[in-house]
Amino acid sequence: MESKSLSRDCNNPNPDPKMAFHFLRALLHIQQSAATTSFTGRRRRIKRAAYASMAYSSGARRAWSRALIHTLRRRRQRQQRARTAVALPRRIRVARPPRREVAAADQAQVLRKLVPGGTGMEYCMLLEETADYIRCLATQVQLMRNVVDSVTNS
Amino acid sequence: MSSRRSRSRQSSSSRITDEQIIDLMSKLQAVLPEARLARNDRVSAARVLQETCSHIRSLHREVDDLGERLSELLATTDISSAQAAVIRSLLM
């Protein structure tokens with residue numbers, strides 16, 4: 001059974017050195033502070049490192065990576081502010097309407113929410129950015145698998 | 001000024017041909033795994049988009065799962081020795 005498009009990358013042993021470097025360096029930092037962080041905190045930081053290494057490997061070249069970098073920075077600022085700020089009463093959330101069946105025309109709308117920066121993109125750009133985003137995601141997944149394999153076999 | 005920009009964007013998008021859309025769709029189909037969509041089949045745009053969304057979601061899930069595995073491993077193993085192995089395997 002074909003596992004995924006990743007099987008194409010198996011023949012390429014050097015998918016993305018920039019991505020690998022960034023991710024490994026982040027993992028090392030996370031491990032060095034492992035004694036002080038909880039499992040959840042570590043997991044969150046690793047997940048952030050994964051998306052950050054993806055975003056920085058494409059850098060400013062792609063709209064999705066620019067949007068992702070922006071999102072990561074905003075999240076970090078919010079986290080830092082939350083650590084110092086006083087807890088304020090939360091806004092009351094309105095219940096969402098029940099999900100209706102997604103019509104064919106709405107698929108593009110669904111896709112926009114999945115691709116970073118997608119909501120601001122014109123249709124053709126969305127399609128192009130999506131293809132690149134998927135390729136990059138697959139490379140990141142392959143990288144993480146390699147790291148897991150190396151660590152478990154070391 | 002912004003209305004001029006959006007007007008020009010509208011007129012340029014109406015010049016985008018169906019061929020361009022078909023071309024972009026086939027490029028998108030090419031990055032989807034074979035198990036989801038046979039590459040040579042002509043499928044509807046809606047189907048391609050649907051499979052694309054589903055594929056992105058599964059990749060996001062994989063990043064989450066692998067991140068969790070790594071989180072467990074970091075607690076127990078020292079990765080600095082494994083790093084050399086990973087770097088070597090990546091550069092060879």
# chains A, B, ... in the order shown; residues from 1 in each chain; ligands from 1
$ closest_atom_pairs --of "chain B" --to "chain A" --cutoff "9 Å" --atoms "only C-alpha atoms" --output "CSV"
residue,atom,partner,partner_atom,distance
B:Ser13,CA,A:Glu122,CA,8.2
B:Ile16,CA,A:Cys124,CA,8.4
B:Gln20,CA,A:Cys124,CA,8.1
B:Ile21,CA,A:Cys124,CA,6.7
B:Leu24,CA,A:Leu127,CA,6.3
B:Met25,CA,A:Leu127,CA,7.1
B:Lys27,CA,A:Ala131,CA,7.2
B:Leu28,CA,A:Ala131,CA,5.2
B:Gln29,CA,A:Ala131,CA,8.5
B:Ala30,CA,A:Ala131,CA,8.5
B:Val31,CA,A:Ala131,CA,6.4
B:Leu32,CA,A:Ser5,CA,6.6
B:Pro33,CA,A:Ser5,CA,4.6
B:Glu34,CA,A:Glu2,CA,7.2
B:Ala35,CA,A:Glu2,CA,6.5
B:Arg36,CA,A:Lys4,CA,9.0
B:Ala45,CA,A:Ala104,CA,8.4
B:Ala46,CA,A:Ala104,CA,5.1
B:Arg47,CA,A:Ala104,CA,8.0
B:Leu49,CA,A:Gln107,CA,6.0
B:Gln50,CA,A:Gln107,CA,6.2
B:Thr52,CA,A:Leu111,CA,7.7
B:Cys53,CA,A:Leu111,CA,5.7
B:His55,CA,A:Ile134,CA,8.3
B:Ile56,CA,A:Ile134,CA,6.7
B:Arg57,CA,A:Leu114,CA,7.7
B:Leu59,CA,A:Leu137,CA,6.7
B:His60,CA,A:Leu137,CA,7.9
B:Glu62,CA,A:Val141,CA,6.9
B:Val63,CA,A:Val141,CA,6.0
B:Asp64,CA,A:Lys47,CA,6.6
B:Leu66,CA,A:Met144,CA,6.5
B:Gly67,CA,A:Lys47,CA,5.7
B:Glu68,CA,A:Arg43,CA,5.7
B:Arg69,CA,A:Val148,CA,7.4
B:Leu70,CA,A:Val148,CA,6.4
B:Ser71,CA,A:Arg43,CA,5.3
B:Glu72,CA,A:Phe39,CA,7.5
B:Leu73,CA,A:Val151,CA,7.5
B:Leu74,CA,A:Gln31,CA,5.8
B:Ala75,CA,A:Ala34,CA,6.5
B:Thr77,CA,A:Val151,CA,7.3
B:Asp78,CA,A:Gln31,CA,7.8
B:Ile79,CA,A:Val151,CA,6.4
B:Ser80,CA,A:Leu28,CA,6.9
B:Ser81,CA,A:Ser154,CA,7.6
B:Ala82,CA,A:Val151,CA,5.3
B:Gln83,CA,A:Leu24,CA,7.2
B:Ala85,CA,A:Ser150,CA,6.6
B:Val86,CA,A:Ser150,CA,6.1
B:Ile87,CA,A:Ala20,CA,7.9
B:Ser89,CA,A:Pro13,CA,7.0
B:Leu90,CA,A:Asn14,CA,4.9
B:Leu91,CA,A:Asn14,CA,5.7
B:Met92,CA,A:Pro13,CA,6.6
$ atom_distance --atom1 "atom CA of Ala52 of chain A" --atom2 "atom CA of Phe23 of chain A"
7.9 Å
$ atom_distance --atom1 "atom CA of Val43 of chain B" --atom2 "atom CA of Glu19 of chain B"
14.8 Å
